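Containing mmCIF, C-alpha atoms: start_30.cif.
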```cif
data_protein
#
loop_
_atom_site.label_atom_id
_atom_site.label_comp_id
_atom_site.auth_asym_id
_atom_site.auth_seq_id
_atom_site.Cartn_x
_atom_site.Cartn_y
_atom_site.Cartn_z
CA MET N 243 -61.60 -25.77 11.23
CA ASN N 244 -60.43 -23.30 13.88
CA ASN N 245 -56.84 -22.71 14.94
CA ASN N 246 -56.95 -25.02 17.98
CA GLN N 247 -58.36 -27.89 15.92
CA SER N 248 -55.62 -27.39 13.32
CA LYS N 249 -52.87 -27.56 15.98
CA GLU N 250 -54.39 -30.74 17.46
CA ARG N 251 -54.48 -32.41 14.06
CA ILE N 252 -50.76 -31.66 13.51
CA ARG N 253 -49.89 -33.08 16.95
CA ARG N 254 -51.73 -36.38 16.19
CA ARG N 255 -50.01 -36.60 12.82
CA TYR N 256 -46.51 -36.44 14.35
CA LYS N 257 -47.52 -38.66 17.30
CA ASP N 258 -48.65 -41.45 15.00
CA ALA N 259 -45.59 -41.15 12.69
CA TYR N 260 -43.25 -44.19 12.56
CA THR N 261 -39.97 -45.01 10.81
CA GLU N 262 -40.78 -48.52 9.67
CA GLY N 263 -40.08 -48.95 5.96
CA VAL N 264 -38.01 -45.77 5.69
CA GLU N 265 -34.56 -46.43 4.28
CA VAL N 266 -31.82 -43.93 5.20
CA ILE N 267 -29.22 -43.39 2.49
CA PRO N 268 -26.11 -41.94 4.21
CA ALA N 269 -24.27 -38.96 2.78
CA LYS N 270 -20.81 -39.34 1.35
CA GLU N 271 -18.09 -39.12 3.96
CA LYS N 272 -16.23 -35.83 3.71
CA ASN N 273 -12.50 -36.01 3.38
CA ASP N 274 -10.75 -35.61 6.70
CA PRO N 275 -7.29 -34.15 6.00
CA PHE N 276 -5.85 -36.14 8.91
CA ASP N 277 -7.46 -39.44 7.94
CA GLU N 278 -4.40 -41.33 6.80
CA THR N 279 -6.56 -43.56 4.57
CA SER N 280 -7.55 -40.64 2.31
CA ASP N 281 -5.09 -39.54 -0.35
CA MET N 282 -4.73 -35.75 -0.41
CA ASN N 283 -3.00 -33.53 -2.95
CA VAL N 284 -1.58 -30.76 -0.76
CA VAL N 285 -0.12 -27.32 -1.46
CA VAL N 286 1.44 -24.96 1.07
CA TYR N 287 1.26 -21.17 1.25
CA VAL N 288 3.92 -19.18 3.11
CA ARG N 289 4.46 -15.44 3.37
CA VAL N 290 6.79 -13.01 5.14
CA SER N 291 5.55 -9.44 5.43
CA THR N 292 8.78 -7.48 4.94
CA ASP N 293 11.44 -7.77 2.28
CA ASN N 294 14.70 -7.56 4.22
CA ALA N 295 17.66 -9.76 5.08
CA GLN N 296 16.38 -10.63 8.55
CA GLN N 297 13.17 -12.07 7.12
CA THR N 298 14.97 -14.15 4.49
CA SER N 299 15.85 -16.83 7.06
CA SER N 300 12.22 -16.92 8.24
CA PHE N 301 11.09 -17.32 4.65
CA GLU N 302 13.45 -20.24 3.99
CA MET N 303 12.67 -21.91 7.31
CA GLN N 304 8.92 -21.81 6.65
CA GLN N 305 9.39 -23.60 3.32
CA LYS N 306 11.65 -26.22 4.91
CA TYR N 307 9.28 -26.72 7.85
CA TYR N 308 6.20 -27.29 5.71
CA SER N 309 8.00 -29.63 3.35
CA ASP N 310 8.75 -31.80 6.39
CA PHE N 311 5.23 -31.22 7.77
CA VAL N 312 3.63 -32.74 4.67
CA LYS N 313 6.06 -35.67 4.63
CA ARG N 314 4.91 -36.66 8.13
CA HIS N 315 1.47 -37.52 6.68
CA PRO N 316 1.83 -40.66 4.52
CA SER N 317 -1.40 -40.05 2.58
CA TRP N 318 -0.44 -36.49 1.64
CA LYS N 319 1.31 -35.65 -1.58
CA LEU N 320 3.05 -32.26 -1.74
CA ILE N 321 2.24 -30.64 -5.08
CA ARG N 322 3.84 -27.24 -4.61
CA ILE N 323 4.83 -24.54 -2.12
CA TYR N 324 3.55 -21.08 -3.03
CA ALA N 325 5.55 -18.29 -1.41
CA ASP N 326 5.19 -14.51 -1.36
CA GLU N 327 8.17 -12.60 0.01
CA GLY N 328 8.05 -9.00 1.23
CA ILE N 329 4.29 -8.63 0.72
CA SER N 330 1.69 -7.30 3.16
CA GLY N 331 -1.26 -9.51 4.06
CA THR N 332 -3.89 -6.74 4.02
CA SER N 333 -4.20 -6.68 0.22
CA LEU N 334 -4.18 -9.28 -2.55
CA LYS N 335 -2.96 -6.81 -5.16
CA LYS N 336 0.73 -7.78 -5.17
CA ARG N 337 0.46 -11.32 -3.79
CA ASP N 338 1.15 -13.00 -7.12
CA GLU N 339 1.88 -16.46 -5.71
CA PHE N 340 -1.29 -16.41 -3.60
CA LYS N 341 -3.41 -15.52 -6.63
CA ARG N 342 -1.65 -18.17 -8.71
CA MET N 343 -2.44 -20.77 -6.04
CA ILE N 344 -6.15 -19.92 -6.06
CA GLU N 345 -6.25 -20.17 -9.87
CA ASP N 346 -4.52 -23.57 -9.71
CA CYS N 347 -7.13 -24.75 -7.19
CA LYS N 348 -9.88 -23.79 -9.62
CA LYS N 349 -8.23 -25.94 -12.30
CA GLY N 350 -8.51 -29.01 -10.05
CA GLY N 351 -6.05 -31.54 -8.66
CA ILE N 352 -5.65 -29.83 -5.26
CA ASP N 353 -7.48 -31.05 -2.14
CA LEU N 354 -5.89 -29.07 0.68
CA ILE N 355 -4.00 -25.84 1.34
CA VAL N 356 -1.82 -25.70 4.45
CA THR N 357 -0.74 -22.35 5.90
CA LYS N 358 0.74 -21.17 9.18
CA ASN N 359 -2.14 -19.09 10.55
CA VAL N 360 -5.05 -16.85 9.62
CA SER N 361 -2.93 -13.68 9.51
CA ARG N 362 -0.54 -15.33 7.01
CA TRP N 363 -3.55 -16.13 4.85
CA SER N 364 -5.03 -12.63 4.97
CA ARG N 365 -5.33 -9.62 7.28
CA ASN N 366 -8.40 -8.46 5.41
CA ILE N 367 -11.53 -10.24 6.62
CA LEU N 368 -13.46 -9.72 3.38
CA ASP N 369 -10.68 -11.16 1.22
CA GLY N 370 -9.75 -13.93 3.63
CA ILE N 371 -13.22 -15.33 4.32
CA GLY N 372 -14.39 -14.64 0.75
CA ILE N 373 -11.62 -16.79 -0.75
CA VAL N 374 -12.18 -19.59 1.77
CA ARG N 375 -15.84 -19.69 0.71
CA GLU N 376 -14.87 -19.54 -2.96
CA LEU N 377 -12.64 -22.59 -2.48
CA GLU N 378 -15.39 -24.36 -0.55
CA ALA N 379 -17.80 -23.85 -3.47
CA LEU N 380 -15.49 -25.61 -5.96
CA ASN N 381 -16.34 -29.10 -7.16
CA PRO N 382 -14.68 -30.87 -5.46
CA PRO N 383 -14.15 -28.32 -2.65
CA VAL N 384 -10.67 -27.30 -1.54
CA GLY N 385 -10.05 -26.99 2.20
CA VAL N 386 -7.64 -24.71 4.03
CA PHE N 387 -5.89 -25.88 7.19
CA PHE N 388 -4.61 -23.12 9.51
CA GLU N 389 -1.95 -24.86 11.57
CA ASN N 390 -1.57 -22.51 14.56
CA GLU N 391 -5.30 -22.22 15.18
CA GLY N 392 -6.00 -25.87 14.29
CA LEU N 393 -8.88 -24.78 12.03
CA TYR N 394 -10.05 -26.64 8.91
CA SER N 395 -12.23 -24.55 6.62
CA LEU N 396 -14.41 -27.45 5.44
CA ASN N 397 -15.40 -28.30 9.00
CA PRO N 398 -18.70 -26.45 9.66
CA GLU N 399 -17.89 -26.29 13.36
CA ASN N 400 -14.84 -24.12 12.56
CA ALA N 401 -16.72 -21.46 10.57
CA THR N 402 -17.40 -19.11 13.47
CA LEU N 403 -13.90 -19.49 14.90
CA LEU N 404 -12.42 -18.76 11.49
CA GLN N 405 -14.42 -15.53 11.22
CA ILE N 406 -13.36 -14.49 14.73
CA ASN N 407 -9.69 -15.12 13.98
CA SER N 408 -9.95 -13.25 10.66
CA THR N 409 -11.49 -10.28 12.46
CA MET N 410 -8.68 -10.33 15.02
CA ALA N 411 -6.04 -10.43 12.25
CA GLU N 412 -7.57 -7.38 10.56
CA HIS N 413 -7.84 -5.56 13.87
CA GLU N 414 -4.17 -6.28 14.53
CA SER N 415 -3.24 -4.63 11.23
CA ARG N 416 -5.42 -1.62 12.02
CA THR N 417 -3.74 -1.27 15.43
CA LYS N 418 -0.26 -1.49 13.89
CA SER N 419 -1.19 1.17 11.32
CA THR N 420 -2.47 3.52 14.04
CA SER N 421 0.67 2.94 16.12
CA MET N 422 2.87 3.67 13.11
CA ILE N 423 1.08 6.97 12.46
CA SER N 424 1.45 7.98 16.13
CA SER N 425 5.14 7.06 16.08
CA LEU N 426 5.79 9.10 12.93
CA MET N 427 3.89 12.09 14.32
CA MET N 428 6.05 11.98 17.45
CA ARG N 429 9.25 11.77 15.38
CA PHE N 430 8.32 14.63 13.07
CA SER N 431 7.16 16.91 15.89
CA HIS N 432 10.62 16.51 17.48
CA GLY N 433 12.43 17.30 14.23
CA LEU N 434 13.39 13.69 13.49
CA PHE N 435 12.58 13.38 9.79
CA LEU N 436 12.78 10.43 7.43
CA THR N 437 15.30 11.07 4.67
CA PRO N 438 14.82 8.65 1.77
CA PRO N 439 17.37 8.62 -1.09
CA LEU N 440 17.52 11.89 -3.05
CA LEU N 441 19.68 12.98 -5.98
CA GLY N 442 22.40 15.28 -4.67
CA TYR N 443 22.66 13.75 -1.21
CA ASP N 444 23.97 10.70 0.61
CA ASN N 445 23.00 9.56 4.09
CA ASP N 446 25.51 9.62 6.95
CA GLU N 447 25.62 7.09 9.81
CA ASP N 448 22.77 8.86 11.61
CA GLY N 449 20.57 9.05 8.51
CA GLY N 450 21.34 12.75 7.97
CA LEU N 451 21.78 14.29 4.52
CA VAL N 452 25.28 15.14 3.26
CA ILE N 453 25.97 16.58 -0.18
CA ASN N 454 27.20 14.24 -2.90
CA ARG N 455 29.31 16.58 -5.05
CA GLU N 456 28.91 14.69 -8.32
CA GLU N 457 25.13 14.41 -7.99
CA ALA N 458 24.82 17.97 -6.67
CA ALA N 459 26.31 19.22 -9.95
CA THR N 460 23.40 17.56 -11.80
CA VAL N 461 20.87 19.17 -9.44
CA ARG N 462 22.41 22.64 -9.93
CA LEU N 463 22.39 22.14 -13.71
CA ILE N 464 18.68 21.27 -13.65
CA PHE N 465 17.76 24.38 -11.63
CA PHE N 466 20.09 26.61 -13.71
CA MET N 467 18.58 25.46 -17.02
CA TYR N 468 15.00 25.88 -15.80
CA LEU N 469 15.68 29.37 -14.42
CA TYR N 470 17.09 30.33 -17.81
CA GLY N 471 13.97 29.28 -19.65
CA CYS N 472 14.55 25.66 -20.68
CA SER N 473 11.52 23.36 -20.57
CA THR N 474 11.59 20.20 -18.50
CA ASP N 475 11.65 18.11 -21.71
CA GLU N 476 14.69 20.04 -22.95
CA ILE N 477 16.41 19.52 -19.61
CA ALA N 478 15.69 15.78 -19.68
CA ASN N 479 17.13 15.48 -23.20
CA ALA N 480 20.24 17.43 -22.21
CA LEU N 481 20.85 15.23 -19.18
CA MET N 482 20.64 12.09 -21.32
CA LYS N 483 22.93 13.65 -23.92
CA TYR N 484 25.61 14.37 -21.31
CA GLY N 485 25.21 11.00 -19.59
CA ARG N 486 23.98 12.31 -16.24
CA THR N 487 22.38 9.64 -14.06
CA THR N 488 19.39 9.58 -11.71
CA LYS N 489 19.76 8.57 -8.05
CA PRO N 490 19.14 4.85 -8.85
CA GLY N 491 21.78 5.13 -11.62
CA ASN N 492 19.46 5.25 -14.63
CA VAL N 493 20.50 7.26 -17.68
CA LYS N 494 16.94 7.75 -18.92
CA TRP N 495 15.33 11.03 -17.88
CA THR N 496 11.75 12.21 -18.32
CA SER N 497 9.96 15.49 -17.81
CA SER N 498 8.27 14.16 -14.67
CA THR N 499 11.64 13.10 -13.21
CA VAL N 500 13.00 16.61 -13.75
CA ILE N 501 9.91 18.18 -12.16
CA SER N 502 10.25 15.93 -9.10
CA ILE N 503 13.79 17.30 -8.61
CA LEU N 504 12.65 20.91 -9.06
CA ARG N 505 9.77 20.43 -6.63
CA ASN N 506 11.76 18.83 -3.78
CA GLU N 507 12.31 21.33 -0.98
CA ARG N 508 15.20 19.27 0.40
CA HIS N 509 17.42 20.72 -2.33
CA CYS N 510 17.25 24.13 -0.59
CA GLY N 511 17.96 22.64 2.84
CA ASP N 512 14.38 22.31 4.10
CA VAL N 513 12.25 19.24 4.87
CA LEU N 514 8.48 18.81 4.54
CA ALA N 515 7.09 15.66 6.13
CA TRP N 516 3.87 13.88 5.17
CA LYS N 517 3.43 15.13 1.61
CA SER N 518 1.43 11.97 0.99
CA TYR N 519 -0.27 9.44 3.24
CA THR N 520 -2.13 6.13 3.15
CA PRO N 521 -5.88 6.65 3.78
CA SER N 522 -6.61 2.92 4.22
CA PHE N 523 -4.35 0.30 5.77
CA LEU N 524 -6.23 -2.35 3.75
CA ASN N 525 -5.16 -1.32 0.24
CA HIS N 526 -2.00 0.72 0.95
CA LYS N 527 -2.87 3.23 -1.78
CA LYS N 528 -1.10 6.56 -1.31
CA ALA N 529 -2.83 9.90 -1.70
CA LYS N 530 -1.56 13.49 -1.71
CA ASN N 531 -1.98 15.17 1.63
CA HIS N 532 -4.26 18.15 1.09
CA GLY N 533 -4.68 18.90 4.77
CA ASP N 534 -6.06 15.47 5.63
CA MET N 535 -3.07 14.80 7.89
CA PRO N 536 -0.81 17.25 9.77
CA GLN N 537 2.43 18.24 8.02
CA PHE N 538 5.76 19.23 9.55
CA TYR N 539 8.19 21.71 7.95
CA LYS N 540 11.77 22.33 9.05
CA ARG N 541 13.87 25.15 7.55
CA GLY N 542 17.65 24.76 7.46
CA HIS N 543 17.48 21.05 8.24
CA HIS N 544 20.65 20.31 6.26
CA GLU N 545 23.15 21.93 3.90
CA PRO N 546 21.41 23.25 0.75
CA ILE N 547 22.47 22.61 -2.82
CA ILE N 548 20.59 25.61 -4.24
CA SER N 549 19.48 28.84 -2.57
CA ARG N 550 16.00 29.20 -1.09
CA ASP N 551 15.38 32.23 -3.34
CA ASP N 552 16.13 30.16 -6.45
CA PHE N 553 13.90 27.36 -5.15
CA ILE N 554 10.97 29.74 -4.52
CA THR N 555 11.41 31.32 -7.95
CA VAL N 556 11.35 27.91 -9.61
CA GLN N 557 8.16 26.99 -7.74
CA GLN N 558 6.49 30.14 -9.05
CA MET N 559 7.62 29.33 -12.58
CA LEU N 560 6.37 25.74 -12.30
CA ASN N 561 3.00 26.90 -10.98
CA ASN N 562 2.73 29.44 -13.76
CA ALA N 563 3.74 26.85 -16.37
CA LYS N 564 0.55 24.92 -15.63
CA TYR N 565 -1.29 27.63 -17.54
CA GLY N 566 0.95 27.61 -20.62
CA ASN N 567 3.42 30.33 -19.60
CA ASN N 568 6.54 28.17 -19.75
CA GLY N 569 9.73 29.97 -18.87
CA PHE N 570 7.91 33.19 -18.00
CA LEU N 571 8.13 34.51 -14.45
CA PRO N 572 5.15 36.83 -13.89
CA ARG N 573 5.46 40.19 -12.14
CA LEU N 574 2.78 42.17 -10.39
CA ARG N 575 2.44 45.56 -12.06
CA VAL N 576 0.77 48.39 -10.14
CA ASN N 577 -0.58 51.51 -11.89
CA THR N 578 1.31 54.50 -10.46
CA ASP N 579 -0.90 57.39 -11.69
CA GLY N 580 -4.25 58.34 -13.14
CA LEU N 581 -7.70 57.16 -12.13
CA LEU N 582 -6.43 53.58 -11.79
CA CYS N 583 -3.53 54.51 -9.51
CA GLY N 584 -2.96 51.65 -7.08
CA PHE N 585 -4.83 49.12 -9.19
CA VAL N 586 -3.06 45.86 -10.07
CA SER N 587 -3.20 44.25 -13.50
CA VAL N 588 -4.36 40.66 -13.10
CA ASN N 589 -3.73 37.81 -15.49
CA THR N 590 -6.24 35.04 -14.71
CA ARG N 591 -3.77 32.42 -15.96
CA TRP N 592 -1.16 33.25 -13.32
CA ALA N 593 -0.77 30.71 -10.53
CA SER N 594 2.17 32.26 -8.71
CA PHE N 595 0.55 34.86 -6.47
CA THR N 596 -1.63 34.58 -3.40
CA ALA N 597 -4.54 36.84 -2.45
CA ASP N 598 -2.24 38.46 0.12
CA ASP N 599 0.26 39.35 -2.62
CA TYR N 600 -2.46 41.26 -4.48
CA ARG N 601 -3.57 43.06 -1.30
CA LYS N 602 -0.03 44.21 -0.46
CA ALA N 603 1.00 45.33 -3.96
CA PRO N 604 -0.96 48.68 -4.01
CA ALA N 605 0.82 49.79 -0.83
CA SER N 606 3.97 50.40 -2.87
CA VAL N 607 2.37 53.41 -4.60
CA LEU N 608 -0.31 54.50 -2.13
CA SER N 609 1.81 54.77 1.01
#
```
Structure encoded using structure tokens:
Amino acid sequence: MNNNQSKERIRRRYKDAYTEGVEVIPAKEKNDPFDETSDMNVVVYVRVSTDNAQQTSSFEMQQKYYSDFVKRHPSWKLIRIYADEGISGTSLKKRDEFKRMIEDCKKGGIDLIVTKNVSRWSRNILDGIGIVRELEALNPPVGVFFENEGLYSLNPENATLLQINSTMAEHESRTKSTSMISSLMMRFSHGLFLTPPLLGYDNDEDGGLVINREEAATVRLIFFMYLYGCSTDEIANALMKYGRTTKPGNVKWTSSTVISILRNERHCGDVLAWKSYTPSFLNHKKAKNHGDMPQFYKRGHHEPIISRDDFITVQQMLNNAKYGNNGFLPRLRVNTDGLLCGFVSVNTRWASFTADDYRKAPASVLS
């Protein structure tokens, strides 16, 4: 049988087909969340993105609004309101209530989740759509109703619109992140630096740094002890013994806390902006800035607690301590006579000198 004959045979087969004797068994009707004849166990998810006093009223109003929203549907039964406060929507990492809600859905007894909009649900398209599909795959499935967009996740006709809205929510977060970086770069380039809380200083009305005398005494003690050969562990123990407190008011000190004080250039009156940055707006993980972003340095930005010379010396000692030379400040020694006149003795474990330091040292005896 050739190809044309085969096609003709198929056409006759469908032409002669008839439906007589075929019984159609209809599929089960899917729950319509707005069908007042269907009982629905409903939970609500609300979130505000920043943890400050201005957002507290928004947080409370959302909970009140959705409690009333559920009551307006006679067949709905409100099981619980899950609420995350002060949490970003681009990551699930710290959204404890959101994760608890999903786990409760997996246990059963929940038919519908109501939330304000797609961006409240998630600003990460992979997380947002992935969880919607995970809920859809449950038995029985759990739907999500996005009020502002009027989208119901279990309605196949809404699938494409839901993906589009999720993409727009993620794009909005990306745009905000880019705008924030541009804004910070403009501030820093004009000498307007951010000054977060730091031991030894308070902030004035304009956000500038002013010395706190009581705390400054602790800072000077830390630098003094390190310059005189005490280890950071010994300094931490001494501070706890004498009841000195950290900036948040804690009496417990650790070696890393002491090092963070010794490393902070603001104690000598300078400011370095963008020591760390956030590579991805989706996970908010910070990373040290090793030239990936521009940095801005301002000398004499505010009144110092310790001298710049002492600060530089401490940095050299800290760098050198990485190689086991605690409390020992290395010195470059240049041979002054003999065949090796002008040569510099090098200790490979030193971390305090640059290549330029080694190049300049022989000039002291060869000039």
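Across the model, the gap from atom CA of N:Phe435 to atom CA of N:Pro546 is 16.0 Å.
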Polymer residues at most 9 Å from N:His532, all atoms listed in the file, same-chain spacing of 3 or more positions, as a list of chain:residue names: N:Lys517, N:Ser518, N:Ala529, N:Met535
Atomic separation - atom CA of N:Val285 relative to atom CA of N:Tyr324, Å: 7.4 Å
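Going from atom CA of N:Tyr287 to atom CA of N:Lys349 covers 17.2 Å.
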Reference answer for the PyMOL selection byres ((chain N and resi 431) around 12), as JSON, numbers by chain: {"N": [424, 425, 426, 427, 428, 429, 430, 432, 433, 434, 435, 514, 515, 516, 536, 537, 538, 539, 540]}
Hits from the PyMOL selection byres ((chain N and resi 500) around 12), listed as a ChimeraX atom specification: /N:441,460-465,467-468,472-482,487-489,494-499,501-506,560
Take every atom of stretch 344-351 of chain N listed in the file, pad by 3 Å on each side, and give me the axis-aligned box centre and edge lengths in Å, one decimal, as lines of an AutoDock Vina configuration file.
```
center_x = -7.2
center_y = -25.7
center_z = -9.2
size_x = 11.4
size_y = 17.6
size_z = 12.2
```
Do you have, as JSON lines, the list of residues of stretch 315-424 of chain N lying at most 8 Å from stretch 305-311 of chain N, each with its nearest atom pair and that distance in Å to one decimal, counting only C-alpha atoms and ordered by chain then number?
```
{"residue": "N:His315", "atom": "CA", "partner": "N:Phe311", "partner_atom": "CA", "distance": 7.4}
{"residue": "N:Leu320", "atom": "CA", "partner": "N:Ser309", "partner_atom": "CA", "distance": 7.6}
{"residue": "N:Ile323", "atom": "CA", "partner": "N:Gln305", "partner_atom": "CA", "distance": 7.2}
```
Of the listed residues N:Trp318, N:Phe301, N:Trp363, N:Tyr443, that which approaches N:Asn407 most closely, counting all atoms listed in the file: N:Trp363
